[in-house]
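Engineer: One file is attached below, entry.cif, containing mmCIF, C-alpha atoms.
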```
data_start
#
loop_
_atom_site.group_PDB
_atom_site.id
_atom_site.type_symbol
_atom_site.label_atom_id
_atom_site.label_comp_id
_atom_site.auth_asym_id
_atom_site.auth_seq_id
_atom_site.Cartn_x
_atom_site.Cartn_y
_atom_site.Cartn_z
ATOM 1 C CA MET D 540 0.000 0.000 0.000
ATOM 2 C CA ALA D 541 2.912 2.340 0.699
ATOM 3 C CA THR D 542 4.068 1.940 -2.885
ATOM 4 C CA ALA D 543 0.567 2.625 -4.239
ATOM 5 C CA ALA D 544 0.301 5.771 -2.124
ATOM 6 C CA HIS D 545 3.619 6.954 -3.487
ATOM 7 C CA LEU D 546 2.545 6.384 -7.092
ATOM 8 C CA ILE D 547 -0.559 8.558 -6.750
ATOM 9 C CA SER D 548 1.281 11.332 -4.931
ATOM 10 C CA SER D 549 0.654 14.862 -6.186
ATOM 11 C CA ASN D 550 4.339 15.650 -5.651
ATOM 12 C CA LEU D 551 5.633 13.727 -8.657
ATOM 13 C CA PRO D 552 7.331 15.542 -11.559
ATOM 14 C CA SER D 553 5.052 16.165 -14.528
ATOM 15 C CA VAL D 554 5.773 14.951 -18.042
ATOM 16 C CA LYS D 555 6.027 18.566 -19.184
ATOM 17 C CA GLN D 556 8.631 19.310 -16.527
ATOM 18 C CA LEU D 557 10.721 16.345 -17.641
ATOM 19 C CA GLN D 558 10.374 17.334 -21.307
ATOM 20 C CA CYS D 559 11.541 20.847 -20.488
ATOM 21 C CA PHE D 560 14.435 19.491 -18.460
ATOM 22 C CA LEU D 561 15.573 17.232 -21.316
ATOM 23 C CA ALA D 562 15.287 20.028 -23.885
ATOM 24 C CA VAL D 563 17.525 22.296 -21.795
ATOM 25 C CA ALA D 564 19.898 19.414 -21.038
ATOM 26 C CA TYR D 565 20.270 18.678 -24.755
ATOM 27 C CA GLU D 566 20.583 22.276 -25.911
ATOM 28 C CA LEU D 567 22.297 23.793 -22.848
ATOM 29 C CA ASN D 568 20.550 26.957 -23.933
ATOM 30 C CA PHE D 569 17.145 28.082 -22.659
ATOM 31 C CA ARG D 570 16.201 30.008 -25.815
ATOM 32 C CA ARG D 571 16.968 27.112 -28.145
ATOM 33 C CA ALA D 572 15.240 24.667 -25.793
ATOM 34 C CA ALA D 573 12.110 26.839 -25.809
ATOM 35 C CA GLU D 574 12.157 26.944 -29.616
ATOM 36 C CA ARG D 575 12.569 23.170 -29.724
ATOM 37 C CA LEU D 576 9.433 22.783 -27.615
ATOM 38 C CA ASN D 577 7.481 25.464 -29.509
ATOM 39 C CA MET D 578 7.038 27.549 -26.387
ATOM 40 C CA THR D 579 8.361 30.824 -25.022
ATOM 41 C CA GLN D 580 11.266 31.036 -22.593
ATOM 42 C CA PRO D 581 9.471 32.275 -19.423
ATOM 43 C CA PRO D 582 7.184 29.211 -19.007
ATOM 44 C CA LEU D 583 10.120 26.928 -19.795
ATOM 45 C CA THR D 584 12.121 28.579 -17.013
ATOM 46 C CA ARG D 585 9.172 28.213 -14.616
ATOM 47 C CA HIS D 586 8.903 24.476 -15.382
ATOM 48 C CA ILE D 587 12.614 24.015 -14.631
ATOM 49 C CA GLN D 588 12.378 26.028 -11.409
ATOM 50 C CA SER D 589 9.323 24.039 -10.301
ATOM 51 C CA LEU D 590 11.110 20.758 -11.027
ATOM 52 C CA GLU D 591 14.178 21.864 -9.057
ATOM 53 C CA ALA D 592 11.968 22.912 -6.138
ATOM 54 C CA LEU D 593 10.068 19.615 -6.253
ATOM 55 C CA LEU D 594 13.264 17.521 -6.282
ATOM 56 C CA HIS D 595 15.133 19.827 -3.893
ATOM 57 C CA GLN D 596 18.026 19.709 -6.337
ATOM 58 C CA ARG D 597 19.783 22.234 -8.498
ATOM 59 C CA LEU D 598 19.808 20.760 -12.003
ATOM 60 C CA PHE D 599 21.640 23.469 -13.940
ATOM 61 C CA SER D 600 24.427 25.868 -13.234
ATOM 62 C CA ARG D 601 23.535 29.073 -15.059
ATOM 63 C CA SER D 602 25.513 32.169 -15.903
ATOM 64 C CA THR D 603 25.173 34.915 -18.490
ATOM 65 C CA HIS D 604 27.419 32.904 -20.824
ATOM 66 C CA ALA D 605 26.686 29.230 -20.227
ATOM 67 C CA VAL D 606 24.238 26.616 -18.975
ATOM 68 C CA ILE D 607 25.842 23.507 -17.458
ATOM 69 C CA LEU D 608 24.302 20.371 -16.007
ATOM 70 C CA THR D 609 25.059 19.899 -12.330
ATOM 71 C CA GLU D 610 25.932 16.493 -10.913
ATOM 72 C CA ASP D 611 22.273 16.068 -9.894
ATOM 73 C CA GLY D 612 21.222 17.154 -13.385
ATOM 74 C CA ARG D 613 23.448 14.539 -15.006
ATOM 75 C CA ALA D 614 22.006 11.877 -12.708
ATOM 76 C CA LEU D 615 18.453 12.891 -13.645
ATOM 77 C CA LEU D 616 19.211 12.969 -17.376
ATOM 78 C CA ALA D 617 19.361 9.199 -17.912
ATOM 79 C CA ARG D 618 16.369 8.562 -15.656
ATOM 80 C CA ALA D 619 14.248 11.225 -17.370
ATOM 81 C CA GLU D 620 15.133 9.803 -20.780
ATOM 82 C CA LYS D 621 14.019 6.334 -19.666
ATOM 83 C CA ILE D 622 10.778 7.629 -18.128
ATOM 84 C CA LEU D 623 9.766 9.481 -21.291
ATOM 85 C CA ALA D 624 10.854 6.596 -23.511
ATOM 86 C CA ASP D 625 8.661 4.246 -21.456
ATOM 87 C CA LEU D 626 5.736 6.663 -21.740
ATOM 88 C CA ASP D 627 6.259 6.886 -25.488
ATOM 89 C CA ALA D 628 6.301 3.097 -25.728
ATOM 90 C CA LEU D 629 3.110 2.970 -23.678
ATOM 91 C CA SER D 630 1.465 5.368 -26.147
ATOM 92 C CA VAL D 631 2.547 3.234 -29.094
ATOM 93 C CA ASP D 632 1.378 0.051 -27.383
ATOM 94 C CA SER D 633 -2.028 1.580 -26.703
ATOM 95 C CA LEU D 634 -2.417 2.159 -30.421
ATOM 96 C CA SER D 635 -2.134 -1.549 -31.079
ATOM 97 C CA ARG D 636 -5.742 -2.102 -30.102
ATOM 98 C CA PRO D 637 -7.188 -3.380 -33.382
ATOM 99 C CA HIS D 638 -10.246 -1.105 -33.663
ATOM 100 C CA ARG D 639 -8.842 2.166 -32.403
ATOM 101 C CA LEU D 640 -7.735 4.429 -35.236
ATOM 102 C CA ARG D 641 -7.232 8.153 -35.000
ATOM 103 C CA ILE D 642 -7.952 9.754 -38.352
ATOM 104 C CA GLY D 643 -7.245 13.384 -39.211
ATOM 105 C CA LEU D 644 -8.855 15.208 -42.114
ATOM 106 C CA THR D 645 -7.254 18.266 -43.704
ATOM 107 C CA ARG D 646 -9.197 21.484 -43.249
ATOM 108 C CA THR D 647 -8.490 22.336 -46.897
ATOM 109 C CA LEU D 648 -11.305 20.059 -48.094
ATOM 110 C CA ASP D 649 -14.884 19.356 -47.064
ATOM 111 C CA PHE D 650 -15.017 15.575 -47.297
ATOM 112 C CA THR D 651 -18.769 15.524 -46.700
ATOM 113 C CA ARG D 652 -19.083 17.130 -50.150
ATOM 114 C CA ILE D 653 -16.834 14.573 -51.859
ATOM 115 C CA PRO D 654 -19.375 11.703 -52.082
ATOM 116 C CA PRO D 655 -16.998 8.775 -52.758
ATOM 117 C CA VAL D 656 -14.708 9.711 -49.874
ATOM 118 C CA ALA D 657 -17.588 10.527 -47.520
ATOM 119 C CA ALA D 658 -19.090 7.100 -48.202
ATOM 120 C CA ARG D 659 -15.761 5.352 -47.609
ATOM 121 C CA LEU D 660 -15.219 7.217 -44.338
ATOM 122 C CA ALA D 661 -18.687 6.137 -43.225
ATOM 123 C CA GLN D 662 -17.737 2.524 -43.951
ATOM 124 C CA LEU D 663 -14.892 2.723 -41.439
ATOM 125 C CA ASP D 664 -17.464 2.958 -38.635
ATOM 126 C CA ALA D 665 -14.817 4.586 -36.469
ATOM 127 C CA GLY D 666 -17.291 6.772 -34.600
ATOM 128 C CA ASP D 667 -15.637 9.234 -32.264
ATOM 129 C CA GLU D 668 -12.196 8.064 -33.338
ATOM 130 C CA ILE D 669 -12.429 10.184 -36.505
ATOM 131 C CA ASP D 670 -11.127 13.645 -35.771
ATOM 132 C CA SER D 671 -11.522 16.705 -37.939
ATOM 133 C CA PRO D 672 -9.015 19.084 -36.388
ATOM 134 C CA ASP D 673 -8.687 22.530 -37.925
ATOM 135 C CA LEU D 674 -5.225 21.723 -39.276
ATOM 136 C CA THR D 675 -3.380 22.076 -42.536
ATOM 137 C CA SER D 676 -2.035 19.043 -44.367
ATOM 138 C CA ALA D 677 1.494 19.902 -43.219
ATOM 139 C CA ARG D 678 0.440 20.005 -39.559
ATOM 140 C CA LEU D 679 -1.521 16.752 -39.876
ATOM 141 C CA LEU D 680 1.578 15.026 -41.250
ATOM 142 C CA GLN D 681 3.539 16.287 -38.260
ATOM 143 C CA CYS D 682 0.905 14.780 -35.945
ATOM 144 C CA LEU D 683 1.191 11.528 -37.878
ATOM 145 C CA ALA D 684 4.974 11.458 -37.466
ATOM 146 C CA GLN D 685 4.549 12.167 -33.736
ATOM 147 C CA ASN D 686 2.157 9.186 -33.292
ATOM 148 C CA ARG D 687 -0.699 11.535 -32.463
ATOM 149 C CA LEU D 688 -2.689 10.345 -35.483
ATOM 150 C CA ASP D 689 -2.714 7.005 -37.281
ATOM 151 C CA LEU D 690 -4.061 8.006 -40.683
ATOM 152 C CA VAL D 691 -4.592 11.381 -42.311
ATOM 153 C CA LEU D 692 -6.321 12.453 -45.491
ATOM 154 C CA THR D 693 -4.099 15.124 -46.941
ATOM 155 C CA GLY D 694 -4.066 17.305 -50.024
ATOM 156 C CA GLU D 695 -0.867 16.354 -51.904
ATOM 157 C CA LYS D 696 2.094 14.468 -50.483
ATOM 158 C CA GLY D 697 4.204 16.044 -47.805
ATOM 159 C CA ALA D 698 7.404 17.743 -48.846
ATOM 160 C CA SER D 699 9.451 16.173 -46.047
ATOM 161 C CA GLU D 700 9.734 12.961 -44.020
ATOM 162 C CA GLN D 701 8.698 10.988 -47.100
ATOM 163 C CA GLU D 702 10.777 8.018 -45.987
ATOM 164 C CA ASN D 703 8.671 7.715 -42.819
ATOM 165 C CA VAL D 704 5.260 8.085 -44.467
ATOM 166 C CA ARG D 705 3.361 5.752 -46.754
ATOM 167 C CA TYR D 706 0.919 7.386 -49.198
ATOM 168 C CA ARG D 707 -2.048 5.903 -51.027
ATOM 169 C CA TRP D 708 -3.847 7.963 -53.663
ATOM 170 C CA ILE D 709 -7.560 8.376 -52.916
ATOM 171 C CA CYS D 710 -9.088 10.840 -55.379
ATOM 172 C CA ARG D 711 -8.566 14.061 -57.299
ATOM 173 C CA GLU D 712 -10.369 17.229 -56.240
ATOM 174 C CA PRO D 713 -10.900 19.897 -58.945
ATOM 175 C CA LEU D 714 -10.215 23.558 -58.274
ATOM 176 C CA LEU D 715 -12.764 26.240 -59.128
ATOM 177 C CA VAL D 716 -12.227 29.946 -59.635
ATOM 178 C CA ALA D 717 -14.110 32.109 -57.128
ATOM 179 C CA LEU D 718 -14.544 35.518 -58.759
ATOM 180 C CA PRO D 719 -16.837 38.568 -58.740
ATOM 181 C CA THR D 720 -19.976 38.342 -60.852
ATOM 182 C CA THR D 721 -19.125 41.817 -62.163
ATOM 183 C CA HIS D 722 -15.965 40.526 -63.840
ATOM 184 C CA PRO D 723 -16.225 39.702 -67.584
ATOM 185 C CA ALA D 724 -14.763 36.202 -66.985
ATOM 186 C CA SER D 725 -17.832 35.325 -64.886
ATOM 187 C CA ARG D 726 -19.822 35.060 -68.141
ATOM 188 C CA GLN D 727 -17.557 32.271 -69.411
ATOM 189 C CA GLN D 728 -18.299 28.581 -68.926
ATOM 190 C CA GLN D 729 -14.639 27.903 -68.172
ATOM 191 C CA VAL D 730 -12.136 30.467 -66.947
ATOM 192 C CA SER D 731 -8.485 30.885 -67.861
ATOM 193 C CA LEU D 732 -6.167 32.377 -65.273
ATOM 194 C CA ASP D 733 -5.044 34.852 -67.926
ATOM 195 C CA ALA D 734 -8.647 36.104 -68.089
ATOM 196 C CA VAL D 735 -8.628 37.142 -64.420
ATOM 197 C CA ASN D 736 -5.049 38.430 -64.359
ATOM 198 C CA ASP D 737 -6.261 41.964 -63.675
ATOM 199 C CA LEU D 738 -7.461 40.830 -60.232
ATOM 200 C CA PRO D 739 -5.152 39.930 -57.330
ATOM 201 C CA LEU D 740 -5.093 36.280 -56.288
ATOM 202 C CA PHE D 741 -5.770 35.504 -52.641
ATOM 203 C CA TRP D 742 -2.957 33.061 -51.874
ATOM 204 C CA PHE D 743 -1.581 31.124 -48.940
ATOM 205 C CA ALA D 744 1.855 30.725 -47.369
ATOM 206 C CA ARG D 745 4.014 27.933 -48.784
ATOM 207 C CA ARG D 746 4.552 26.337 -45.364
ATOM 208 C CA ALA D 747 0.863 25.353 -45.203
ATOM 209 C CA ASN D 748 1.230 22.885 -48.097
ATOM 210 C CA PRO D 749 4.594 23.090 -49.890
ATOM 211 C CA ALA D 750 3.852 20.415 -52.508
ATOM 212 C CA PHE D 751 0.573 21.963 -53.641
ATOM 213 C CA PHE D 752 2.054 25.465 -53.495
ATOM 214 C CA ASP D 753 4.962 24.471 -55.741
ATOM 215 C CA LYS D 754 2.697 22.673 -58.205
ATOM 216 C CA CYS D 755 0.565 25.774 -58.628
ATOM 217 C CA GLU D 756 3.539 28.114 -58.875
ATOM 218 C CA GLN D 757 4.875 26.093 -61.817
ATOM 219 C CA VAL D 758 1.634 26.803 -63.673
ATOM 220 C CA PHE D 759 1.595 30.456 -62.654
ATOM 221 C CA ALA D 760 5.121 30.893 -64.032
ATOM 222 C CA LYS D 761 3.863 30.029 -67.534
ATOM 223 C CA LEU D 762 1.094 32.653 -67.647
ATOM 224 C CA LYS D 763 1.333 35.586 -70.026
ATOM 225 C CA ARG D 764 1.631 38.000 -67.123
ATOM 226 C CA PRO D 765 2.644 37.306 -63.508
ATOM 227 C CA LEU D 766 -0.190 37.117 -61.030
ATOM 228 C CA LYS D 767 -0.436 39.737 -58.339
ATOM 229 C CA LYS D 768 -0.924 37.925 -55.027
ATOM 230 C CA VAL D 769 -2.279 39.051 -51.679
ATOM 231 C CA ASN D 770 -2.349 37.097 -48.434
ATOM 232 C CA GLU D 771 -5.600 35.236 -47.968
ATOM 233 C CA PRO D 772 -7.436 36.046 -44.725
ATOM 234 C CA ASP D 773 -7.590 33.410 -41.997
ATOM 235 C CA ASP D 774 -11.379 33.389 -42.342
ATOM 236 C CA SER D 775 -12.481 32.046 -45.735
ATOM 237 C CA LEU D 776 -15.864 33.797 -45.465
ATOM 238 C CA THR D 777 -14.075 37.121 -45.135
ATOM 239 C CA MET D 778 -12.087 36.312 -48.275
ATOM 240 C CA LEU D 779 -15.243 35.418 -50.216
ATOM 241 C CA ALA D 780 -16.855 38.668 -49.078
ATOM 242 C CA TYR D 781 -13.858 40.569 -50.476
ATOM 243 C CA ILE D 782 -14.185 38.674 -53.757
ATOM 244 C CA ALA D 783 -17.897 39.496 -53.974
ATOM 245 C CA ARG D 784 -16.938 43.178 -53.716
ATOM 246 C CA GLY D 785 -14.498 42.818 -56.611
ATOM 247 C CA LYS D 786 -11.319 42.803 -54.501
ATOM 248 C CA GLY D 787 -9.725 39.718 -56.052
ATOM 249 C CA PHE D 788 -10.210 36.050 -56.923
ATOM 250 C CA ALA D 789 -9.286 32.696 -55.409
ATOM 251 C CA LEU D 790 -8.695 29.086 -56.405
ATOM 252 C CA LEU D 791 -10.795 26.852 -54.176
ATOM 253 C CA PRO D 792 -11.370 23.111 -53.943
ATOM 254 C CA GLN D 793 -14.740 22.257 -55.437
ATOM 255 C CA SER D 794 -15.927 20.837 -52.095
ATOM 256 C CA LYS D 795 -15.364 24.238 -50.438
ATOM 257 C CA CYS D 796 -17.433 26.174 -52.970
ATOM 258 C CA ALA D 797 -20.754 25.874 -51.148
ATOM 259 C CA PHE D 798 -21.051 29.419 -49.810
ATOM 260 C CA ASN D 799 -23.339 31.661 -51.855
ATOM 261 C CA GLN D 800 -23.344 35.435 -51.699
ATOM 262 C CA GLU D 801 -24.548 38.177 -53.972
ATOM 263 C CA GLY D 802 -21.696 39.288 -56.211
ATOM 264 C CA LEU D 803 -19.831 35.948 -55.926
ATOM 265 C CA CYS D 804 -19.699 33.069 -58.397
ATOM 266 C CA TYR D 805 -17.654 29.930 -59.039
ATOM 267 C CA ARG D 806 -16.431 28.767 -62.437
ATOM 268 C CA PRO D 807 -14.416 25.733 -63.582
ATOM 269 C CA LEU D 808 -10.906 26.284 -64.849
ATOM 270 C CA ARG D 809 -10.176 26.036 -68.553
ATOM 271 C CA ASP D 810 -9.208 22.473 -69.456
ATOM 272 C CA ASP D 811 -5.474 23.100 -69.908
ATOM 273 C CA HIS D 812 -5.268 24.706 -66.461
ATOM 274 C CA ALA D 813 -7.654 22.218 -64.855
ATOM 275 C CA GLN D 814 -5.419 19.328 -65.897
ATOM 276 C CA GLN D 815 -2.564 20.841 -63.919
ATOM 277 C CA LEU D 816 -4.330 22.694 -61.098
ATOM 278 C CA HIS D 817 -6.102 20.225 -58.843
ATOM 279 C CA ILE D 818 -5.603 18.606 -55.469
ATOM 280 C CA ASP D 819 -4.562 14.972 -55.289
ATOM 281 C CA VAL D 820 -5.921 13.532 -52.067
ATOM 282 C CA TYR D 821 -3.814 10.900 -50.323
ATOM 283 C CA ALA D 822 -4.267 8.694 -47.293
ATOM 284 C CA ALA D 823 -1.020 8.902 -45.330
ATOM 285 C CA THR D 824 0.130 6.472 -42.655
ATOM 286 C CA ARG D 825 3.410 5.783 -40.896
ATOM 287 C CA HIS D 826 5.549 3.521 -43.024
ATOM 288 C CA ASN D 827 6.148 0.994 -40.258
ATOM 289 C CA ASP D 828 2.496 0.770 -39.156
ATOM 290 C CA ALA D 829 0.938 -2.335 -40.687
ATOM 291 C CA ARG D 830 -1.817 -3.155 -38.191
ATOM 292 C CA PRO D 831 -4.670 -5.110 -39.788
ATOM 293 C CA ALA D 832 -7.264 -2.483 -38.821
ATOM 294 C CA LEU D 833 -5.186 0.216 -40.484
ATOM 295 C CA MET D 834 -4.652 -1.852 -43.633
ATOM 296 C CA GLN D 835 -8.396 -2.506 -43.824
ATOM 297 C CA ALA D 836 -9.096 1.205 -43.461
ATOM 298 C CA LEU D 837 -6.706 1.975 -46.310
ATOM 299 C CA GLU D 838 -8.416 -0.579 -48.516
ATOM 300 C CA LYS D 839 -11.826 0.918 -47.818
ATOM 301 C CA LEU D 840 -10.634 4.470 -48.452
ATOM 302 C CA SER D 841 -8.952 3.568 -51.730
ATOM 303 C CA ASN D 842 -11.774 1.315 -52.953
ATOM 304 C CA GLY D 843 -12.288 2.164 -56.611
ATOM 305 C CA ALA D 844 -9.150 4.305 -56.781
ATOM 306 C CA PRO D 845 -6.684 3.331 -59.542
#
```
Once you've parsed the file, please lay out its structure as structure tokens.

Structural biologist:
Amino acid sequence: MATAAHLISSNLPSVKQLQCFLAVAYELNFRRAAERLNMTQPPLTRHIQSLEALLHQRLFSRSTHAVILTEDGRALLARAEKILADLDALSVDSLSRPHRLRIGLTRTLDFTRIPPVAARLAQLDAGDEIDSPDLTSARLLQCLAQNRLDLVLTGEKGASEQENVRYRWICREPLLVALPTTHPASRQQQVSLDAVNDLPLFWFARRANPAFFDKCEQVFAKLKRPLKKVNEPDDSLTMLAYIARGKGFALLPQSKCAFNQEGLCYRPLRDDHAQQLHIDVYAATRHNDARPALMQALEKLSNGAP
């Protein structure tokens, strides 16, 4: 019973404290450690101070020029590494349950408006295990690499960590031109990008989806005149309101072209541009994850795909 009481004590170090300790121990620099953990320096320092107070040990010797592990810090280093490695292994082991899959869907697309994919997702019968976080494809792939998701539906392949990710092509999503109804190109059945070159293009940052960004930029480079680009707002409805007022145009996945507003219309791209400007949707999984439930999910998602 004494051991059990110890294990549920509220005076144990937290995982976050140990992660902060290891980051500083590896970097021997608080600023770099904070960057490594995607946090600011003040909370990192507070976590270290709280850990030192909890253990009644000084873990680092700090000066204006250097950060050095103390003898107690060096002793904690190996133990903290083992604790976090065991926790990571526990997380991986918990994923081995055959029917528990965590699926992330890119915010770029509305899969409920892509009938084949929506039907295949319904077949998975994963219930609450399907997540739809408001994340870009790039961020979803990071979550996949970090074992926080098991399968993601992403627009285009990731630009990095390809050796750790397995991709299976699911479908191709066309792009439509969202433009003002007052623009002459709105009267065309299909729109060429050259026809809307007098309007600025609402465009995104490359880091959100490098592969798709680069694919589009290759097409843009061949236009008669370079496109003028402006940063797209975080809120897509705000962007569409700007377009309806004649402030620019956008290239949107067909599944995201459901919002109607006076002054706004959607038109297909001209065939030569449509053949190059589209979104290839892939199911991405970790390369070394071959659980039967995951393989079955992949088969269902790619059913009918060439």

Engineer: Excluding range 731-734 of chain D and any residue of its chain fewer than 3 positions from it, enumerate the residues within 7 Å of it, using only C-alpha atoms, and give them as a short mmCIF file (atom, residue, chain, number, x, y, z; two decimals) with C-alpha atoms, in the frame of the given file.

Structural biologist:
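The result, stored in part.cif:
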```cif
data_model
loop_
_atom_site.label_atom_id
_atom_site.label_comp_id
_atom_site.auth_asym_id
_atom_site.auth_seq_id
_atom_site.Cartn_x
_atom_site.Cartn_y
_atom_site.Cartn_z
CA ALA D 724 -14.76 36.20 -66.98
CA LEU D 762 1.09 32.65 -67.65
CA LYS D 763 1.33 35.59 -70.03
CA LEU D 808 -10.91 26.28 -64.85
CA ARG D 809 -10.18 26.04 -68.55
#
```

Engineer: Translate the PyMOL selection byres ((chain D and resi 772-788) around 6) into a concrete residue list for this structure, as a list in words.

Structural biologist: Ala717, Leu718, Pro719, Leu738, Pro739, Leu740, Glu771, Ala789, Gly802 and Leu803 of chain D

Engineer: Extract, using all atoms listed in the file, all DNA, RNA and protein residues at most 10 Å from Leu816 in chain D, discarding same-chain residues fewer than 2 positions from it, and format them as a ChimeraX atom specification.

Structural biologist: /D:712-715,751,754-759,790,808,810-814,818-819

Engineer: Tell me, as a ChimeraX atom specification, which residues lie within 10 Å of range 643-649 of chain D, counting only C-alpha atoms; anything in the same chain fewer than 2 positions away does not count.

Structural biologist: /D:640-641,651-653,657,668-680,682-683,687-694,712,747-748,791-797,818,820,822-823

Engineer: Excluding range 577-580 of chain D and residues on its chain fewer than 6 positions from it, collect all residues at most 12 Å away from it, counting only C-alpha atoms, and give them as a ChimeraX atom specification.

Structural biologist: /D:555,558-559,562-563,568-571,586-587

Engineer: Ranking D:Ala684, D:Leu663, D:Val735, D:Val730 by minimum distance to Lys839 in chain D and counting only C-alpha atoms, which one comes first?

Structural biologist: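 Of D:Ala684, D:Leu663, D:Val735, D:Val730, the one nearest Lys839 in chain D, counting only C-alpha atoms, is D:Leu663.
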
Engineer: Would you work out the distance separating CA of Pro765 in chain D from CA of Pro723 in chain D, expressed in Å to one decimal?

Structural biologist: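 Value for the CA of Pro765 in chain D-CA of Pro723 in chain D distance: 19.5 Å.
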
Engineer: Please expand the PyMOL selection byres ((chain D and resi 662) around 12) into the concrete residues it hits in this file, giving the result as a JSON list (two decimals) with C-alpha atoms, keeping the file's coordinate frame.

Structural biologist:
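Here's the written file out26.json:
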```json
[["chain", "number", "residue", "atom", "x", "y", "z"],
["D", 655, "PRO", "CA", -17.00, 8.78, -52.76],
["D", 656, "VAL", "CA", -14.71, 9.71, -49.87],
["D", 657, "ALA", "CA", -17.59, 10.53, -47.52],
["D", 658, "ALA", "CA", -19.09, 7.10, -48.20],
["D", 659, "ARG", "CA", -15.76, 5.35, -47.61],
["D", 660, "LEU", "CA", -15.22, 7.22, -44.34],
["D", 661, "ALA", "CA", -18.69, 6.14, -43.22],
["D", 663, "LEU", "CA", -14.89, 2.72, -41.44],
["D", 664, "ASP", "CA", -17.46, 2.96, -38.64],
["D", 665, "ALA", "CA", -14.82, 4.59, -36.47],
["D", 666, "GLY", "CA", -17.29, 6.77, -34.60],
["D", 669, "ILE", "CA", -12.43, 10.18, -36.51],
["D", 835, "GLN", "CA", -8.40, -2.51, -43.82],
["D", 836, "ALA", "CA", -9.10, 1.20, -43.46],
["D", 837, "LEU", "CA", -6.71, 1.98, -46.31],
["D", 838, "GLU", "CA", -8.42, -0.58, -48.52],
["D", 839, "LYS", "CA", -11.83, 0.92, -47.82],
["D", 840, "LEU", "CA", -10.63, 4.47, -48.45],
["D", 841, "SER", "CA", -8.95, 3.57, -51.73],
["D", 842, "ASN", "CA", -11.77, 1.32, -52.95]]
```
